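Below is the file model_31.tsv, which contains TSV, C-alpha atoms and all ligand atoms.
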chain	number	residue	atom	x	y	z
A	104	MET	CA	0.00	0.00	0.00
A	105	PHE	CA	1.76	3.25	-0.96
A	106	GLN	CA	1.06	6.81	-2.04
A	107	MET	CA	1.80	8.13	-5.54
A	108	THR	CA	3.29	11.62	-5.97
A	109	PRO	CA	1.19	14.44	-7.56
A	110	ARG	CA	2.53	16.19	-10.67
A	111	GLY	CA	-0.23	16.68	-13.26
A	112	PRO	CA	-3.33	18.78	-14.18
A	113	PHE	CA	-5.59	17.28	-11.49
A	114	ARG	CA	-5.77	17.26	-7.72
A	115	ILE	CA	-7.36	14.79	-5.35
A	116	ASN	CA	-10.57	15.94	-3.59
A	117	HIS	CA	-11.41	12.65	-1.85
A	118	PRO	CA	-9.28	9.63	-0.82
A	119	ILE	CA	-8.89	7.22	-3.76
A	120	ILE	CA	-7.70	3.59	-3.64
A	121	LEU	CA	-6.68	1.57	-6.70
A	122	ALA	CA	-7.56	-2.07	-5.98
A	123	SER	CA	-4.93	-3.44	-8.34
A	124	ALA	CA	-1.51	-5.11	-8.24
A	125	SER	CA	-0.98	-4.12	-11.89
A	126	PRO	CA	1.99	-1.74	-12.24
A	127	ARG	CA	0.50	-0.69	-15.59
A	128	ARG	CA	-2.76	0.42	-13.94
A	129	GLN	CA	-0.80	2.22	-11.22
A	130	ALA	CA	1.26	4.06	-13.84
A	131	LEU	CA	-1.83	5.04	-15.87
A	132	LEU	CA	-3.69	6.43	-12.82
A	133	SER	CA	-0.51	8.13	-11.63
A	134	SER	CA	-0.25	9.91	-15.03
A	135	LEU	CA	-3.22	12.06	-13.89
A	136	GLY	CA	-0.88	13.46	-11.24
A	137	ILE	CA	-3.06	12.53	-8.27
A	138	HIS	CA	-2.32	11.00	-4.87
A	139	PHE	CA	-3.86	7.55	-4.43
A	140	GLU	CA	-3.32	4.42	-2.39
A	141	VAL	CA	-2.74	0.97	-3.91
A	142	ILE	CA	-4.36	-1.98	-2.12
A	143	PRO	CA	-4.52	-5.01	-4.46
A	144	ALA	CA	-7.57	-7.26	-4.20
A	145	ARG	CA	-6.38	-10.67	-3.09
A	146	THR	CA	-9.42	-12.90	-3.61
A	147	LYS	CA	-9.10	-15.34	-6.53
A	148	GLU	CA	-11.29	-14.33	-9.49
A	149	PRO	CA	-14.01	-16.88	-10.40
A	150	ALA	CA	-14.25	-18.21	-13.96
A	151	PRO	CA	-16.94	-16.84	-16.30
A	152	ASP	CA	-20.47	-18.24	-15.88
A	153	ALA	CA	-21.75	-20.39	-18.73
A	154	ASP	CA	-22.94	-18.07	-21.57
A	155	GLU	CA	-21.80	-14.97	-19.61
A	156	ALA	CA	-21.13	-12.08	-22.03
A	157	PRO	CA	-17.43	-11.08	-21.96
A	158	CYS	CA	-18.13	-7.45	-21.05
A	159	ALA	CA	-20.46	-8.60	-18.25
A	160	TYR	CA	-17.74	-10.92	-16.95
A	161	ALA	CA	-15.04	-8.20	-17.05
A	162	GLN	CA	-17.37	-5.78	-15.22
A	163	ARG	CA	-18.28	-8.45	-12.64
A	164	MET	CA	-14.58	-9.08	-11.95
A	165	ALA	CA	-13.95	-5.34	-11.59
A	166	VAL	CA	-16.81	-5.09	-9.06
A	167	PHE	CA	-15.44	-8.18	-7.30
A	168	LYS	CA	-12.03	-6.50	-6.83
A	169	ALA	CA	-13.43	-3.07	-5.86
A	170	GLN	CA	-15.93	-4.61	-3.40
A	171	GLU	CA	-13.20	-6.51	-1.53
A	172	ILE	CA	-11.30	-3.29	-0.80
A	173	ALA	CA	-14.39	-1.07	-0.32
A	174	ASN	CA	-15.56	-3.44	2.43
A	175	LYS	CA	-12.32	-2.70	4.31
A	176	ARG	CA	-12.23	1.04	3.44
A	177	PRO	CA	-15.86	2.22	3.03
A	178	GLU	CA	-14.86	5.88	3.34
A	179	ALA	CA	-12.61	5.78	0.25
A	180	ILE	CA	-13.45	5.79	-3.46
A	181	VAL	CA	-12.17	2.45	-4.76
A	182	ILE	CA	-11.30	1.65	-8.39
A	183	GLY	CA	-11.28	-1.96	-9.62
A	184	ALA	CA	-10.56	-3.15	-13.18
A	185	ASP	CA	-10.29	-6.38	-15.16
A	186	THR	CA	-8.88	-6.76	-18.67
A	187	ILE	CA	-9.68	-9.69	-20.96
A	188	VAL	CA	-8.90	-10.48	-24.59
A	189	ILE	CA	-11.74	-11.82	-26.72
A	190	GLN	CA	-11.37	-13.74	-29.92
A	191	GLY	CA	-14.54	-15.00	-31.43
A	192	SER	CA	-16.47	-16.09	-28.35
A	193	THR	CA	-13.38	-17.19	-26.43
A	194	ILE	CA	-12.16	-15.22	-23.41
A	195	LEU	CA	-8.34	-15.20	-23.19
A	196	GLY	CA	-6.93	-14.29	-19.78
A	197	LYS	CA	-3.32	-14.54	-18.66
A	198	PRO	CA	-1.35	-17.54	-19.96
A	199	ARG	CA	-0.94	-20.52	-17.63
A	200	SER	CA	2.39	-21.49	-19.21
A	201	ARG	CA	4.75	-20.64	-22.10
A	202	GLU	CA	2.94	-23.26	-24.15
A	203	ASP	CA	-0.35	-21.55	-23.37
A	204	ALA	CA	1.15	-18.18	-24.39
A	205	LEU	CA	2.34	-19.73	-27.67
A	206	ALA	CA	-1.13	-21.11	-28.36
A	207	MET	CA	-2.74	-17.72	-27.58
A	208	LEU	CA	-0.38	-15.64	-29.71
A	209	THR	CA	-0.46	-18.16	-32.59
A	210	ARG	CA	-4.23	-17.78	-32.48
A	211	LEU	CA	-4.19	-13.95	-32.25
A	212	CYS	CA	-1.52	-13.15	-34.87
A	213	GLY	CA	-3.04	-12.75	-38.32
A	214	THR	CA	-6.44	-11.75	-36.91
A	215	THR	CA	-8.31	-8.86	-35.28
A	216	HIS	CA	-9.43	-9.33	-31.69
A	217	GLU	CA	-11.10	-7.30	-28.95
A	218	VAL	CA	-9.67	-6.16	-25.61
A	219	ILE	CA	-12.30	-5.37	-22.98
A	220	THR	CA	-11.53	-3.70	-19.66
A	221	GLY	CA	-14.35	-3.78	-17.10
A	222	CYS	CA	-14.13	-1.02	-14.48
A	223	CYS	CA	-15.90	-0.33	-11.21
A	224	ILE	CA	-15.71	2.83	-9.09
A	225	MET	CA	-17.24	2.30	-5.68
A	226	HIS	CA	-17.82	4.54	-2.64
A	227	LYS	CA	-19.40	2.23	-0.08
A	228	ALA	CA	-20.06	4.87	2.62
A	229	ASP	CA	-22.04	6.90	0.04
A	230	ASN	CA	-23.64	3.75	-1.40
A	231	ARG	CA	-22.37	4.75	-4.87
A	232	CYS	CA	-21.13	2.33	-7.51
A	233	GLU	CA	-20.54	2.99	-11.19
A	234	ARG	CA	-19.44	0.23	-13.52
A	235	THR	CA	-18.48	0.34	-17.18
A	236	SER	CA	-16.69	-1.71	-19.80
A	237	VAL	CA	-14.71	-0.35	-22.71
A	238	SER	CA	-13.79	-2.28	-25.85
A	239	THR	CA	-10.86	-1.75	-28.23
A	240	ARG	CA	-10.31	-3.65	-31.48
A	241	VAL	CA	-6.71	-4.73	-32.01
A	242	ASN	CA	-5.30	-5.87	-35.36
A	243	MET	CA	-2.29	-8.24	-35.35
A	244	PRO	CA	-0.58	-9.20	-38.65
A	245	PRO	CA	0.71	-12.79	-39.07
A	246	GLN	CA	4.03	-13.61	-37.35
A	247	ASP	CA	6.51	-16.48	-37.82
A	248	GLN	CA	6.41	-18.94	-34.94
A	249	ALA	CA	10.12	-18.26	-34.26
A	250	ILE	CA	9.30	-14.58	-33.62
A	251	ILE	CA	6.41	-15.46	-31.33
A	252	GLU	CA	8.61	-17.89	-29.40
A	253	ALA	CA	11.37	-15.26	-29.09
A	254	TYR	CA	8.82	-12.79	-27.71
A	255	ILE	CA	7.54	-15.32	-25.18
A	256	ALA	CA	11.15	-15.97	-24.10
A	257	THR	CA	11.35	-12.32	-22.92
A	258	GLY	CA	8.86	-13.30	-20.20
A	259	GLU	CA	6.71	-10.21	-20.86
A	260	PRO	CA	3.60	-12.19	-21.91
A	261	MET	CA	3.28	-14.18	-18.70
A	262	ASP	CA	1.24	-11.72	-16.60
A	263	LYS	CA	-0.72	-10.12	-19.43
A	264	ALA	CA	-4.20	-10.99	-20.72
A	265	GLY	CA	-3.84	-12.41	-24.22
A	266	SER	CA	-0.08	-12.98	-23.61
A	267	TYR	CA	1.07	-9.59	-24.93
A	268	ALA	CA	1.72	-6.04	-23.77
A	269	ILE	CA	0.88	-3.37	-26.36
A	270	GLN	CA	2.81	-0.83	-24.23
A	271	GLY	CA	5.90	-3.02	-24.00
A	272	VAL	CA	8.07	-5.16	-26.28
A	273	GLY	CA	4.82	-6.68	-27.59
A	274	GLY	CA	3.91	-3.41	-29.33
A	275	PHE	CA	5.52	-4.75	-32.53
A	276	LEU	CA	2.75	-7.36	-32.72
A	277	VAL	CA	0.03	-4.69	-33.17
A	278	SER	CA	-0.39	-2.95	-36.54
A	279	ASP	CA	-3.39	-0.81	-35.55
A	280	ILE	CA	-6.18	-0.40	-33.03
A	281	ARG	CA	-9.65	1.09	-33.11
A	282	GLY	CA	-10.57	2.60	-29.75
A	283	SER	CA	-8.81	3.47	-26.50
A	284	TYR	CA	-5.10	2.61	-26.18
A	285	THR	CA	-5.10	2.96	-22.36
A	286	ASN	CA	-8.03	0.53	-22.30
A	287	VAL	CA	-5.80	-2.14	-23.89
A	288	VAL	CA	-3.07	-1.47	-21.32
A	289	GLY	CA	-5.61	-2.02	-18.54
A	290	LEU	CA	-7.38	1.22	-17.50
A	291	PRO	CA	-9.56	3.32	-19.88
A	292	LEU	CA	-8.36	6.67	-18.55
A	293	THR	CA	-10.91	8.87	-20.36
A	294	GLU	CA	-13.83	6.95	-18.89
A	295	ILE	CA	-12.31	6.63	-15.41
A	296	LEU	CA	-11.43	10.35	-15.26
A	297	LYS	CA	-14.96	11.35	-16.33
A	298	ILE	CA	-16.47	9.44	-13.41
A	299	LEU	CA	-13.89	10.79	-10.92
A	300	LEU	CA	-14.62	14.37	-12.09
A	301	ASP	CA	-18.43	13.78	-12.01
A	302	TRP	CA	-18.05	12.54	-8.44
A	303	GLU	CA	-15.75	15.50	-7.63
A	304	ALA	CA	-13.25	12.95	-6.31
A	305	VAL	CA	-10.72	14.69	-8.56
A	306	ILE	CA	-10.70	18.40	-9.57
A	307	PRO	CA	-8.63	20.38	-12.03
A	308	ALA	CA	-5.45	21.74	-10.39
A	309	GLY	CA	-5.94	25.36	-9.31
A	310	THR	CA	-9.70	24.98	-8.66
A	311	LYS	CA	-10.69	27.08	-5.63
A	312	ILE	CA	-12.09	24.50	-3.20
A	313	ARG	CA	-15.32	25.75	-1.55
A	314	SER	CA	-14.59	25.81	2.24
B	1	LIG	C1	-3.79	-6.78	-23.47
B	1	LIG	C2	-2.88	-6.23	-22.42
B	1	LIG	C3	-3.04	-6.60	-21.07
B	1	LIG	N1	-2.19	-6.06	-20.13
B	1	LIG	C4	-2.32	-6.42	-18.70
B	1	LIG	C5	-3.25	-5.49	-17.92
B	1	LIG	C6	-3.51	-6.31	-16.68
B	1	LIG	O1	-2.48	-6.03	-15.74
B	1	LIG	C7	-3.39	-7.76	-17.17
B	1	LIG	C8	-4.74	-8.44	-17.15
B	1	LIG	O2	-4.92	-9.01	-15.90
B	1	LIG	P1	-6.02	-8.49	-14.85
B	1	LIG	O3	-6.55	-9.68	-14.16
B	1	LIG	O4	-6.97	-7.55	-15.51
B	1	LIG	O5	-5.20	-7.59	-13.82
B	1	LIG	P2	-3.95	-7.99	-12.93
B	1	LIG	O6	-4.08	-9.40	-12.47
B	1	LIG	O7	-2.70	-7.62	-13.69
B	1	LIG	O8	-4.03	-6.99	-11.71
B	1	LIG	P3	-5.27	-6.81	-10.69
B	1	LIG	O9	-6.20	-7.98	-10.88
B	1	LIG	O10	-4.60	-6.79	-9.33
B	1	LIG	O11	-5.89	-5.49	-11.05
B	1	LIG	O12	-2.91	-7.70	-18.52
B	1	LIG	C9	-1.14	-5.19	-20.47
B	1	LIG	O13	-0.38	-4.75	-19.60
B	1	LIG	N2	-1.00	-4.83	-21.79
B	1	LIG	C10	-1.80	-5.31	-22.78
B	1	LIG	O14	-1.60	-4.96	-23.96
Step by step, read the file and then write its structure as structure tokens.
Ligand SMILES: Cc1cn([C@H]2C[C@H](O)[C@@H](COP(=O)(O)OP(=O)(O)OP(=O)(O)O)O2)c(=O)[nH]c1=O
Amino acid sequence: MFQMTPRGPFRINHPIILASASPRRQALLSSLGIHFEVIPARTKEPAPDADEAPCAYAQRMAVFKAQEIANKRPEAIVIGADTIVIQGSTILGKPRSREDALAMLTRLCGTTHEVITGCCIMHKADNRCERTSVSTRVNMPPQDQAIIEAYIATGEPMDKAGSYAIQGVGGFLVSDIRGSYTNVVGLPLTEILKILLDWEAVIPAGTKIRS
């Protein structure tokens, strides 16, 4: 659990907790230049229900993570998120092994897939909860298996949904996207910031705060 240092166009107006162990999510939220605490949700995420729509599943997981922390810290505004990769009707999470990563990337390269991040912003003491899911289409040209295997050998794929990181070495795999880039990385910043501003949890730097 640690504080981030402020440096951007926004200021905190209410305590915020990011319920995520993802360094990418922490970096994205930190880019707003606001103080926040990080308390990762620890409970194991359940598998999707039979016939559960991917965006419903991603939102349910985000609520699951936010709820765990909001129960401990009802006074804070808690942000939870869950990112999944969808190809056809198959939900691809994080790879279980290098072999699993190879199967995922072999399947994704040469096709267009969808990345969905479900988000939940919860303020238990105020009985407020807003959930959303954002989708981005990602196009990946075909790749030789030797290139895919060399990418997997970097280790980067192993904690990423879909076995790649668009913001990292894996960026070379992506020719183009349609939709939010930050959503692919793991936190749709435009949508999250809108809710935080609507809730006045965050205000533009320099705003005179009514006493
Ligand atoms: C597709 C893609 C996913 N990812 C990451 C974002 C998430 O960290 C991860 C998906 O796993 P998640 O289960 O969404 O998140 P997490 O386990 O990393 O962290 P927490 O549950 O504590 O919030 O994949 C990238 O970093 N880049 C990408 O291009």
> Looking at A:Asp301, A:Glu202, A:Glu294, A:Asp279, which one is nearest to Ala256 in chain A, with distances taken over all atoms listed in the file?
Replying inline: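 Closest candidate: A:Glu202.
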Any chance you could work out the axis-aligned box around ligand LIG 1 (chain B), listed atoms only, 4 Å on each side, giving centre and edge lengths in Å to one decimal, as lines of an AutoDock Vina configuration file?
center_x = -3.7
center_y = -7.2
center_z = -16.6
size_x = 14.6
size_y = 12.9
size_z = 22.6
Can you list every residue of chain A that has an atom at most 6 Å from ligand LIG 1 (chain B), with its nearest atom pair and the distance in Å to one decimal, using all atoms listed in the file, ordered by chain then number, as a tab-separated table?
residue	atom	partner	partner_atom	distance
A:Ser123	CA	B:LIG1	O10	3.5
A:Ala124	CA	B:LIG1	O10	3.7
A:Ser125	CA	B:LIG1	O8	4.2
A:Arg127	CA	B:LIG1	O13	5.8
A:Pro143	CA	B:LIG1	O10	5.2
A:Ala144	CA	B:LIG1	O10	5.9
A:Ala184	CA	B:LIG1	O11	5.6
A:Asp185	CA	B:LIG1	O4	3.5
A:Thr186	CA	B:LIG1	O4	3.8
A:Lys263	CA	B:LIG1	O12	3.4
A:Ala264	CA	B:LIG1	O12	4.2
A:Gly265	CA	B:LIG1	C1	5.7
A:Tyr267	CA	B:LIG1	O14	5.4
A:Ala268	CA	B:LIG1	O14	3.5
A:Ile269	CA	B:LIG1	O14	3.8
A:Val287	CA	B:LIG1	O14	5.1
A:Val288	CA	B:LIG1	N2	4.0
A:Gly289	CA	B:LIG1	C5	4.2
>> When you look at range 192-201 of chain A with a cut-off of 12 Å (counting only C-alpha atoms), what residues show up, excluding the ones that are within fewer than 3 positions of it in the same chain? I need them as a ChimeraX atom specification.
In response: /A:148,150-161,185-189,204-211,216-220,251-268
> With all atoms listed in the file as the atoms that count, which of A:Leu299, A:Ile250, A:Cys212, A:Cys223 lies nearest to Met164 in chain A?
Replying inline: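 Looking at the shortest contact to Met164 in chain A, the residue is A:Cys223.
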> Restricting the calculation to all atoms listed in the file, which member of A:Pro118, A:Pro307, A:Gly221, A:Gly191 is positioned closest to Asn286 in chain A?
Replying inline: A:Gly221
>> Which residue is closest to Thr293 in chain A? Choose from A:Val272, A:Ala165, A:Leu135, A:Met225 and count all atoms listed in the file.
In response: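 Checking each candidate against Thr293 in chain A, we get A:Leu135 as the closest.
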>> Which residues are close to Ser133 in chain A, i.e. within 12 Å by only C-alpha atoms, leaving aside same-chain residues fewer than 2 positions away? Reply as a ChimeraX atom specification.
In response: /A:105-115,119-121,126-131,135-141,290,292,296
Only C-alpha atoms, please: the residues just picked out, written as a tab-separated table (two decimals), in the frame of the given file.
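What ended up in selection-v6.tsv:
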chain	number	residue	atom	x	y	z
A	105	PHE	CA	1.76	3.25	-0.96
A	106	GLN	CA	1.06	6.81	-2.04
A	107	MET	CA	1.80	8.13	-5.54
A	108	THR	CA	3.29	11.62	-5.97
A	109	PRO	CA	1.19	14.44	-7.56
A	110	ARG	CA	2.53	16.19	-10.67
A	111	GLY	CA	-0.23	16.68	-13.26
A	112	PRO	CA	-3.33	18.78	-14.18
A	113	PHE	CA	-5.59	17.28	-11.49
A	114	ARG	CA	-5.77	17.26	-7.72
A	115	ILE	CA	-7.36	14.79	-5.35
A	119	ILE	CA	-8.89	7.22	-3.76
A	120	ILE	CA	-7.70	3.59	-3.64
A	121	LEU	CA	-6.68	1.57	-6.70
A	126	PRO	CA	1.99	-1.74	-12.24
A	127	ARG	CA	0.50	-0.69	-15.59
A	128	ARG	CA	-2.76	0.42	-13.94
A	129	GLN	CA	-0.80	2.22	-11.22
A	130	ALA	CA	1.26	4.06	-13.84
A	131	LEU	CA	-1.83	5.04	-15.87
A	135	LEU	CA	-3.22	12.06	-13.89
A	136	GLY	CA	-0.88	13.46	-11.24
A	137	ILE	CA	-3.06	12.53	-8.27
A	138	HIS	CA	-2.32	11.00	-4.87
A	139	PHE	CA	-3.86	7.55	-4.43
A	140	GLU	CA	-3.32	4.42	-2.39
A	141	VAL	CA	-2.74	0.97	-3.91
A	290	LEU	CA	-7.38	1.22	-17.50
A	292	LEU	CA	-8.36	6.67	-18.55
A	296	LEU	CA	-11.43	10.35	-15.26
> Is there a way to get, as a ChimeraX atom specification, all residues within 12 Å of the point (-23.5, 5.0, -2.9) in file coordinates, counting all atoms listed in the file?
Replying inline: /A:173,177-181,224-233,302
> So how many Å separate CA of Phe275 in chain A and CA of Gln190 in chain A, to one decimal?
Replying inline: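 According to the coordinates, CA of Phe275 in chain A and CA of Gln190 in chain A are separated by 19.3 Å.
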Can you take the partial range 159-176 of chain A, add N, CA, C and O atoms, and return it as a CSV table (one decimal), keeping the file's coordinate frame?
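The file below, result05.csv, is the result:
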chain,number,residue,atom,x,y,z
A,159,ALA,N,-19.8,-8.4,-19.6
A,159,ALA,CA,-20.5,-8.6,-18.2
A,159,ALA,C,-19.5,-9.3,-17.3
A,159,ALA,O,-19.4,-8.9,-16.1
A,160,TYR,N,-18.7,-10.2,-17.8
A,160,TYR,CA,-17.7,-10.9,-17.0
A,160,TYR,C,-16.6,-9.9,-16.5
A,160,TYR,O,-16.3,-9.9,-15.3
A,161,ALA,N,-16.1,-9.2,-17.4
A,161,ALA,CA,-15.0,-8.2,-17.0
A,161,ALA,C,-15.6,-7.2,-16.0
A,161,ALA,O,-14.9,-6.9,-15.1
A,162,GLN,N,-16.8,-6.7,-16.2
A,162,GLN,CA,-17.4,-5.8,-15.2
A,162,GLN,C,-17.6,-6.5,-13.9
A,162,GLN,O,-17.2,-5.9,-12.8
A,163,ARG,N,-18.0,-7.7,-13.9
A,163,ARG,CA,-18.3,-8.4,-12.6
A,163,ARG,C,-17.0,-8.6,-11.9
A,163,ARG,O,-16.9,-8.5,-10.6
A,164,MET,N,-15.9,-8.9,-12.6
A,164,MET,CA,-14.6,-9.1,-12.0
A,164,MET,C,-14.1,-7.8,-11.4
A,164,MET,O,-13.5,-7.7,-10.3
A,165,ALA,N,-14.4,-6.7,-12.1
A,165,ALA,CA,-14.0,-5.3,-11.6
A,165,ALA,C,-14.7,-5.0,-10.3
A,165,ALA,O,-14.1,-4.5,-9.3
A,166,VAL,N,-16.0,-5.3,-10.3
A,166,VAL,CA,-16.8,-5.1,-9.1
A,166,VAL,C,-16.3,-6.0,-7.9
A,166,VAL,O,-16.1,-5.5,-6.8
A,167,PHE,N,-15.9,-7.2,-8.3
A,167,PHE,CA,-15.4,-8.2,-7.3
A,167,PHE,C,-14.2,-7.6,-6.6
A,167,PHE,O,-14.1,-7.6,-5.4
A,168,LYS,N,-13.3,-7.0,-7.4
A,168,LYS,CA,-12.0,-6.5,-6.8
A,168,LYS,C,-12.3,-5.2,-6.0
A,168,LYS,O,-11.8,-5.1,-4.9
A,169,ALA,N,-13.1,-4.3,-6.6
A,169,ALA,CA,-13.4,-3.1,-5.9
A,169,ALA,C,-14.2,-3.3,-4.6
A,169,ALA,O,-13.9,-2.7,-3.5
A,170,GLN,N,-15.1,-4.3,-4.6
A,170,GLN,CA,-15.9,-4.6,-3.4
A,170,GLN,C,-15.1,-5.1,-2.3
A,170,GLN,O,-15.2,-4.7,-1.1
A,171,GLU,N,-14.1,-6.0,-2.6
A,171,GLU,CA,-13.2,-6.5,-1.5
A,171,GLU,C,-12.5,-5.4,-0.8
A,171,GLU,O,-12.4,-5.4,0.5
A,172,ILE,N,-12.0,-4.4,-1.5
A,172,ILE,CA,-11.3,-3.3,-0.8
A,172,ILE,C,-12.3,-2.3,-0.2
A,172,ILE,O,-12.0,-1.8,0.9
A,173,ALA,N,-13.4,-2.0,-0.9
A,173,ALA,CA,-14.4,-1.1,-0.3
A,173,ALA,C,-15.0,-1.6,1.0
A,173,ALA,O,-15.3,-0.8,1.9
A,174,ASN,N,-15.1,-2.9,1.2
A,174,ASN,CA,-15.6,-3.4,2.4
A,174,ASN,C,-14.6,-3.1,3.6
A,174,ASN,O,-15.0,-2.9,4.7
A,175,LYS,N,-13.3,-3.0,3.3
A,175,LYS,CA,-12.3,-2.7,4.3
A,175,LYS,C,-12.2,-1.2,4.5
A,175,LYS,O,-11.8,-0.7,5.6
A,176,ARG,N,-12.4,-0.4,3.4
A,176,ARG,CA,-12.2,1.0,3.4
A,176,ARG,C,-13.4,1.8,2.9
A,176,ARG,O,-13.4,2.3,1.8
